[in-house]
$ cat start_30.txt   # compact mmCIF, C-alpha atoms
# COMPACT_ATOMS: atom_id res chain seq x y z
CA MET A 87 64.20 98.59 83.94
CA SER A 88 65.88 98.05 87.31
CA THR A 89 69.09 99.25 88.96
CA ASP A 90 69.09 96.58 91.68
CA PRO A 91 71.53 93.74 90.79
CA ASN A 92 69.56 91.30 92.96
CA ASP A 93 66.48 91.47 90.74
CA ILE A 94 67.94 88.57 88.73
CA LYS A 95 69.22 85.14 89.77
CA ARG A 96 72.73 83.84 89.10
CA GLY A 97 72.74 80.16 90.03
CA ASN A 98 74.37 79.54 93.41
CA PHE A 99 75.91 83.00 93.63
CA GLY A 100 74.94 85.00 96.71
CA ASP A 101 73.80 88.63 96.67
CA PHE A 102 75.54 91.30 94.61
CA SER A 103 75.94 95.02 95.27
CA ARG A 104 76.78 98.08 93.19
CA SER A 105 80.49 98.81 93.57
CA LEU A 106 81.27 102.53 93.81
CA ILE A 107 78.93 103.37 90.91
CA LYS A 108 78.61 107.16 90.88
CA ASN A 109 75.96 107.40 88.15
CA ASP A 110 72.65 105.56 88.73
CA ASP A 111 72.47 104.86 84.99
CA GLY A 112 75.88 103.18 85.16
CA TYR A 113 74.13 99.88 85.88
CA GLN A 114 70.73 98.87 84.50
CA ILE A 115 68.81 95.63 83.97
CA LEU A 116 67.12 95.89 80.56
CA ASN A 117 64.48 93.89 78.73
CA ASP A 118 66.25 91.72 76.17
CA SER A 119 63.59 92.25 73.50
CA LYS A 120 64.60 95.91 73.14
CA LEU A 121 68.22 95.14 72.30
CA PRO A 122 69.83 94.88 68.86
CA ASP A 123 70.75 91.53 67.30
CA ARG A 124 72.14 89.18 69.96
CA ARG A 125 73.32 86.71 67.30
CA ILE A 126 74.18 83.61 69.33
CA PHE A 127 71.08 83.89 71.49
CA THR A 128 67.99 81.93 70.50
CA GLN A 129 65.71 82.62 73.48
CA LYS A 130 65.66 78.91 74.42
CA GLY A 131 65.42 79.38 78.14
CA ASN A 132 67.98 82.16 78.44
CA SER A 133 67.54 85.10 80.76
CA PRO A 134 64.91 87.50 79.30
CA VAL A 135 67.00 90.45 80.48
CA VAL A 136 70.53 91.74 80.11
CA GLU A 137 72.71 93.82 82.41
CA TYR A 138 73.97 97.07 80.94
CA PHE A 139 77.03 98.91 82.24
CA GLU A 140 78.04 102.40 81.12
CA ILE A 141 80.99 104.49 82.21
CA ASN A 142 81.62 108.14 81.36
CA PRO A 143 84.46 110.54 82.12
CA GLY A 144 84.26 111.48 85.77
CA ASP A 145 82.30 108.41 86.91
CA CYS A 146 84.43 107.90 90.01
CA GLY A 147 82.81 107.09 93.32
CA LYS A 148 84.10 107.03 96.86
CA VAL A 149 83.51 105.39 100.22
CA ASP A 150 85.04 105.91 103.64
CA GLY A 151 88.79 105.65 103.25
CA TRP A 152 88.78 105.35 99.45
CA ASP A 153 88.28 107.83 96.60
CA ASP A 154 88.39 106.59 92.99
CA CYS A 155 88.74 110.17 91.70
CA LYS A 156 91.97 110.75 93.62
CA GLU A 157 93.31 107.40 92.44
CA GLY A 158 92.59 108.05 88.75
CA ARG A 159 89.95 105.31 88.53
CA GLU A 160 86.42 105.07 87.19
CA ARG A 161 83.96 102.22 87.37
CA ALA A 162 80.49 100.89 86.69
CA GLU A 163 80.57 97.38 88.12
CA ILE A 164 78.85 95.12 90.61
CA LYS A 165 80.37 92.64 93.06
CA GLU A 166 79.48 89.73 95.28
CA LYS A 167 78.66 91.15 98.70
CA GLU A 168 80.87 88.60 100.42
CA SER A 169 82.81 85.49 99.63
CA ASP A 170 81.22 82.16 100.50
CA ILE A 171 83.92 80.05 98.83
CA LYS A 172 85.02 76.76 100.38
CA LEU A 173 88.67 75.99 99.78
CA SER A 174 89.45 72.91 97.66
CA LYS A 175 85.85 72.83 96.40
CA GLU A 176 85.34 73.25 92.65
CA TYR A 177 83.23 76.01 91.10
CA TRP A 178 82.04 76.70 87.57
CA TYR A 179 81.32 80.23 86.33
CA SER A 180 79.83 81.42 83.06
CA TRP A 181 78.71 84.68 81.51
CA ASP A 182 77.95 86.17 78.10
CA PHE A 183 79.03 89.67 77.13
CA PHE A 184 78.78 92.04 74.21
CA ILE A 185 80.74 95.25 73.56
CA PRO A 186 79.07 97.58 70.99
CA LYS A 187 81.02 98.21 67.80
CA ASP A 188 81.05 101.99 68.25
CA ILE A 189 82.89 101.77 71.60
CA ASP A 190 86.56 102.80 71.46
CA LEU A 191 88.63 100.21 73.33
CA LYS A 192 92.04 101.58 72.39
CA VAL A 193 92.43 103.98 75.30
CA TRP A 194 95.88 102.95 76.51
CA PRO A 195 97.52 103.79 78.94
CA THR A 196 94.11 103.68 80.62
CA LYS A 197 93.56 100.04 81.61
CA VAL A 198 90.04 98.65 81.13
CA CYS A 199 88.79 95.62 83.03
CA ILE A 200 85.48 93.90 82.19
CA GLY A 201 85.54 91.26 84.94
CA GLN A 202 87.75 90.19 87.80
CA PHE A 203 88.13 87.71 90.61
CA HIS A 204 89.14 89.68 93.67
CA GLN A 205 89.84 88.46 97.18
CA ASP A 206 89.03 89.71 100.67
CA LYS A 207 91.43 89.68 103.56
CA SER A 208 91.11 86.65 105.82
CA ASN A 209 91.61 86.12 109.54
CA ASP A 210 93.21 82.81 108.65
CA PHE A 211 95.86 84.59 106.58
CA PRO A 212 96.39 87.98 108.32
CA CYS A 213 99.63 88.69 106.49
CA ARG A 214 98.00 88.43 103.06
CA LYS A 215 96.30 91.44 101.51
CA ALA A 216 93.03 91.87 99.66
CA SER A 217 93.73 92.25 95.95
CA VAL A 218 92.74 91.27 92.44
CA ILE A 219 93.89 87.75 91.53
CA TRP A 220 92.45 87.16 88.04
CA MET A 221 91.48 90.00 85.70
CA PHE A 222 89.80 89.98 82.28
CA GLN A 223 91.46 93.01 80.76
CA ILE A 224 91.39 94.93 77.48
CA ALA A 225 94.94 95.06 76.14
CA GLU A 226 96.75 98.02 74.59
CA HIS A 227 95.69 97.02 71.07
CA GLY A 228 92.09 96.32 72.10
CA GLY A 229 92.01 92.52 72.49
CA LEU A 230 90.89 90.68 75.63
CA TYR A 231 93.47 89.03 77.89
CA LEU A 232 93.49 87.10 81.15
CA ASP A 233 95.82 88.88 83.59
CA GLU A 234 97.08 86.56 86.35
CA GLN A 235 98.00 88.46 89.54
CA ILE A 236 98.20 85.82 92.27
CA THR A 237 101.31 87.42 93.78
CA GLY A 238 99.77 90.91 93.83
CA LYS A 239 101.18 91.96 90.47
CA THR A 240 100.95 90.72 86.89
CA ARG A 241 102.82 87.45 86.32
CA GLY A 242 101.53 86.74 82.83
CA TYR A 243 98.93 87.46 80.15
CA THR A 244 96.93 84.95 78.11
CA GLN A 245 95.09 86.13 75.01
CA LEU A 246 91.40 85.21 75.04
CA ILE A 247 89.90 87.17 72.13
CA THR A 248 91.63 89.18 69.41
CA HIS A 249 90.82 92.84 68.85
CA GLU A 250 89.38 92.01 65.41
CA ASN A 251 86.80 89.64 66.91
CA LEU A 252 86.06 91.23 70.26
CA GLN A 253 83.26 93.57 69.13
CA LYS A 254 81.78 91.46 66.34
CA GLU A 255 79.36 89.41 68.43
CA TRP A 256 78.34 88.13 71.85
CA HIS A 257 80.96 85.97 73.54
CA ASN A 258 80.68 83.33 76.23
CA ILE A 259 83.22 82.81 79.00
CA ILE A 260 83.37 79.65 81.12
CA VAL A 261 85.71 79.40 84.11
CA HIS A 262 86.43 76.24 86.10
CA ALA A 263 88.13 77.08 89.39
CA LYS A 264 89.39 75.05 92.30
CA TRP A 265 90.20 77.67 94.89
CA SER A 266 93.24 76.82 96.98
CA THR A 267 95.97 78.56 98.96
CA GLU A 268 98.18 75.57 98.18
CA ASN A 269 99.54 74.21 94.90
CA THR A 270 96.43 72.07 94.39
CA GLY A 271 94.37 74.84 92.81
CA LYS A 272 93.15 75.07 89.22
CA PHE A 273 91.88 77.90 87.01
CA SER A 274 90.78 77.12 83.44
CA VAL A 275 89.06 79.36 80.90
CA TRP A 276 87.08 78.59 77.74
CA VAL A 277 85.92 81.24 75.27
CA ASN A 278 82.97 80.25 73.09
CA GLY A 279 83.71 76.63 73.96
CA ILE A 280 87.39 76.80 72.99
CA PRO A 281 90.05 76.20 75.69
CA LYS A 282 92.18 79.31 76.16
CA ALA A 283 93.88 79.29 79.57
CA ASN A 284 94.84 76.59 82.03
CA TYR A 285 96.63 77.17 85.32
CA GLU A 286 97.53 74.83 88.19
CA GLY A 287 98.86 76.03 91.53
CA ILE A 288 97.82 78.60 94.13
CA THR A 289 94.62 80.31 92.95
CA THR A 290 93.94 82.56 95.98
CA THR A 291 96.25 83.76 98.73
CA THR A 292 93.56 84.64 101.28
CA GLY A 293 91.03 81.89 100.66
CA LYS A 294 88.18 84.39 100.13
CA PRO A 295 87.78 85.08 96.38
CA TYR A 296 84.71 86.80 94.93
CA PHE A 297 83.56 87.92 91.48
CA LYS A 298 83.14 91.46 90.11
CA TYR A 299 82.00 92.41 86.62
CA GLY A 300 81.10 95.42 84.52
CA LEU A 301 83.56 98.16 83.63
CA TYR A 302 86.51 99.26 85.75
CA ARG A 303 89.34 101.41 84.48
CA THR A 304 92.52 102.83 85.93
CA LYS A 305 95.03 105.49 84.88
CA VAL A 306 92.19 107.49 83.31
CA ASN A 307 94.07 110.78 83.65
CA GLN A 308 97.03 109.49 81.66
CA TYR A 309 94.91 108.90 78.55
CA ALA A 310 94.01 112.57 78.24
CA ASP A 311 97.50 113.76 79.17
CA GLU A 312 99.36 111.54 76.71
CA ASN A 313 96.93 112.02 73.82
CA GLY A 314 96.29 115.73 74.30
CA ILE A 315 92.55 115.13 74.59
CA LYS A 316 90.27 117.14 76.84
CA GLY A 317 87.41 115.53 78.69
CA GLY A 318 89.06 112.36 79.91
CA THR A 319 88.78 108.75 78.76
CA PRO A 320 85.74 108.40 76.45
CA LYS A 321 82.44 106.74 77.25
CA GLN A 322 82.39 102.94 77.18
CA SER A 323 79.63 100.38 77.65
CA ILE A 324 79.13 96.63 77.82
CA TYR A 325 76.21 94.17 78.06
CA TYR A 326 76.19 91.04 80.21
CA ALA A 327 73.72 88.15 80.24
CA ASN A 328 73.34 84.68 81.78
CA VAL A 329 75.81 85.25 84.62
CA ILE A 330 75.89 82.10 86.75
CA ARG A 331 77.94 80.12 89.24
CA SER A 332 77.40 76.39 89.67
CA SER A 333 79.05 73.42 91.38
CA ASN A 334 79.39 71.63 88.04
CA LEU A 335 79.29 72.14 84.27
CA ASP A 336 75.83 70.57 83.97
CA GLY A 337 74.45 73.40 86.10
CA ILE A 338 75.87 75.93 83.64
CA LEU A 339 74.48 74.14 80.60
CA SER A 340 70.99 73.69 82.06
CA PHE A 341 70.85 77.40 82.93
CA ASN A 342 72.01 78.63 79.52
CA LYS A 343 70.41 76.50 76.79
CA ASN A 344 72.58 78.10 74.11
CA LEU A 345 75.56 76.23 75.55
CA GLU A 346 74.14 72.76 74.94
CA GLY A 347 76.86 72.14 72.39
CA TYR A 348 79.47 72.52 75.14
CA LYS A 349 78.59 69.24 76.89
CA GLU A 350 81.87 67.86 75.60
CA LEU A 351 84.16 70.78 76.37
CA LYS A 352 87.65 70.02 75.21
CA VAL A 353 89.70 69.39 78.31
CA PHE A 354 93.19 70.66 78.85
CA PRO A 355 96.09 68.19 78.69
$ encode --input "start_30.txt" --output "structure tokens"
Amino acid sequence: MSTDPNDIKRGNFGDFSRSLIKNDDGYQILNDSKLPDRRIFTQKGNSPVVEYFEINPGDCGKVDGWDDCKEGRERAEIKEKESDIKLSKEYWYSWDFFIPKDIDLKVWPTKVCIGQFHQDKSNDFPCRKASVIWMFQIAEHGGLYLDEQITGKTRGYTQLITHENLQKEWHNIIVHAKWSTENTGKFSVWVNGIPKANYEGITTTTGKPYFKYGLYRTKVNQYADENGIKGGTPKQSIYYANVIRSSNLDGILSFNKNLEGYKELKVFP
């Protein structure tokens, strides 16, 4: 077992770091053989380990100038240390995740995020702020949605997985992104090989996007207040495996042998 996110490789991703994780056990790399049924995994060249994230009430960290506790936020996530994105170049991302059946996802108004593309500030665009731009978010009823926030606030939601199916098995996400501060950008998402979201236009406003994943939740105090529950938002956990970034789809498929059937991904019109 390891707690260093750089003990595994992720294709052409750079280094990752723990992001405001208060509890050391909030992020662990575990031997895959000790996990329950992974269902879609066949051990044909897949990563022999999985990444485990766990968040409990009060798991709010802080750094100079920022305090999650004061902001009503909790997290157990890791992030790219810095963006190395080249504008107008295309990138492919893929990851598998599993949410245990006994985890309560209906914790609204607490918002739960299991992955996000964030962006740093840029000297080239000094008037544009660092912010989340694409968020994979658990909805009020428990399903998974893509939350598009290019302008700094939600402009639209796209359903990716229903609540009924979200905790039944492992799921695979594939993202094809062309990062651009102009209208030439693209952001497409497939779930288990099925096209779910397709966007064309500005995909980053600073030109420096990076990936974060794990568990991140906001408005944690409101859950207890509105539901009359002591102790805060309940414990949640998630498993990740086969996280990778590549310059093309072939790189994704060669890394994760279970995706061989996705060689002919249905393209968007």
$ atom_distance --input "start_30.txt" --atom1 "atom CA of Glu350 of chain A" --atom2 "atom CA of Glu286 of chain A"
21.3 Å
$ atom_distance --input "start_30.txt" --atom1 "atom CA of Ser333 of chain A" --atom2 "atom CA of Val198 of chain A"
29.4 Å
$ atom_distance --input "start_30.txt" --atom1 "atom CA of Asn92 of chain A" --atom2 "atom CA of Thr319 of chain A"
29.6 Å
$ residues_around --input "start_30.txt" --residues "Lys165 of chain A" --least-positions-apart "2" --cutoff "7 Å" --atoms "all atoms listed in the file" --output "ChimeraX atom specification"
/A:102-105,163,167,297-299
$ write_last_selection --input "start_30.txt" --atoms "C-alpha atoms" --output "mmCIF file, keeping the file's coordinate frame"
data_model
loop_
_atom_site.group_PDB
_atom_site.id
_atom_site.type_symbol
_atom_site.label_atom_id
_atom_site.label_comp_id
_atom_site.auth_asym_id
_atom_site.auth_seq_id
_atom_site.Cartn_x
_atom_site.Cartn_y
_atom_site.Cartn_z
ATOM 1 C CA PHE A 102 75.540 91.300 94.610
ATOM 2 C CA SER A 103 75.940 95.020 95.270
ATOM 3 C CA ARG A 104 76.780 98.080 93.190
ATOM 4 C CA SER A 105 80.490 98.810 93.570
ATOM 5 C CA GLU A 163 80.570 97.380 88.120
ATOM 6 C CA LYS A 167 78.660 91.150 98.700
ATOM 7 C CA PHE A 297 83.560 87.920 91.480
ATOM 8 C CA LYS A 298 83.140 91.460 90.110
ATOM 9 C CA TYR A 299 82.000 92.410 86.620
#
$ residues_around --input "start_30.txt" --residues "Thr196 of chain A" --least-positions-apart "4" --cutoff "9 Å" --atoms "all atoms listed in the file" --output "list in words"
Lys192, Glu226, Arg303, Thr304, Lys305, Val306, Asn307, Gln308, Tyr309 and Thr319 of chain A
$ closest_residue --input "start_30.txt" --among "A:Asp145, A:Glu168, A:Asp336, A:Asp90" --to "Gln205 of chain A" --atoms "all atoms listed in the file"
A:Glu168
$ residues_around --input "start_30.txt" --residues "segment 174-184 of chain A" --least-positions-apart "3" --cutoff "7 Å" --atoms "all atoms listed in the file" --output "list in words"
Gln253, Glu255, Trp256, His257, Asn258, Ile259, Ile260, Val261, His262, Ala263, Lys264, Trp265, Ser266, Ile324, Tyr325, Tyr326, Ala327, Asn328, Val329, Ile330, Arg331, Ser332, Ser333, Asn334, Leu335 and Ile338 of chain A
$ residues_near_point --input "start_30.txt" --point "(63.2, 94.7, 84.4)" --cutoff "12 Å" --atoms "all atoms listed in the file" --output "list of chain:residue names"
A:Met87, A:Ser88, A:Thr89, A:Asp90, A:Pro91, A:Asn92, A:Asp93, A:Ile94, A:Gln114, A:Ile115, A:Leu116, A:Asn117, A:Asp118, A:Ser119, A:Lys120, A:Ser133, A:Pro134, A:Val135, A:Val136, A:Glu137, A:Tyr138
$ closest_residue --input "start_30.txt" --among "A:Thr237, A:His227, A:Glu160, A:Ile189" --to "His249 of chain A" --atoms "only C-alpha atoms"
A:His227
$ closest_residue --input "start_30.txt" --among "A:Gly97, A:Gly112, A:Gly144, A:Gly201" --to "Gly317 of chain A" --atoms "all atoms listed in the file"
A:Gly144
$ residues_around --input "start_30.txt" --residues "Asp233 of chain A" --least-positions-apart "5" --cutoff "10 Å" --atoms "only C-alpha atoms" --output "PyMOL selection string"
chain A and resi 199+202+218-225+239-245
$ closest_residue --input "start_30.txt" --among "A:Lys316, A:Lys294, A:Lys272, A:Arg161" --to "Ser217 of chain A" --atoms "all atoms listed in the file"
A:Lys294
$ closest_residue --input "start_30.txt" --among "A:Glu312, A:Glu346, A:Asp170, A:Glu234" --to "Gly293 of chain A" --atoms "all atoms listed in the file"
A:Asp170
$ residues_around --input "start_30.txt" --residues "Leu252 of chain A" --least-positions-apart "4" --cutoff "7 Å" --atoms "only C-alpha atoms" --output "list in words"
Gly229, Ile247 and Thr248 of chain A
$ closest_residue --input "start_30.txt" --among "A:Trp152, A:Tyr231, A:Phe139, A:Tyr296" --to "Ile185 of chain A" --atoms "all atoms listed in the file"
A:Phe139
$ residues_near_point --input "start_30.txt" --point "(87.2, 106.1, 77.8)" --cutoff "8 Å" --atoms "all atoms listed in the file" --output "PDB file with C-alpha atoms, in the coordinates of the input"
ATOM      1  CA  ILE A 141      80.990 104.490  82.210  1.00  0.00           C
ATOM      2  CA  ASN A 142      81.620 108.140  81.360  1.00  0.00           C
ATOM      3  CA  PRO A 143      84.460 110.540  82.120  1.00  0.00           C
ATOM      4  CA  ASP A 190      86.560 102.800  71.460  1.00  0.00           C
ATOM      5  CA  LEU A 191      88.630 100.210  73.330  1.00  0.00           C
ATOM      6  CA  VAL A 193      92.430 103.980  75.300  1.00  0.00           C
ATOM      7  CA  THR A 196      94.110 103.680  80.620  1.00  0.00           C
ATOM      8  CA  VAL A 306      92.190 107.490  83.310  1.00  0.00           C
ATOM      9  CA  GLY A 318      89.060 112.360  79.910  1.00  0.00           C
ATOM     10  CA  THR A 319      88.780 108.750  78.760  1.00  0.00           C
ATOM     11  CA  PRO A 320      85.740 108.400  76.450  1.00  0.00           C
ATOM     12  CA  LYS A 321      82.440 106.740  77.250  1.00  0.00           C
ATOM     13  CA  GLN A 322      82.390 102.940  77.180  1.00  0.00           C
TER      14      GLN A 322
END
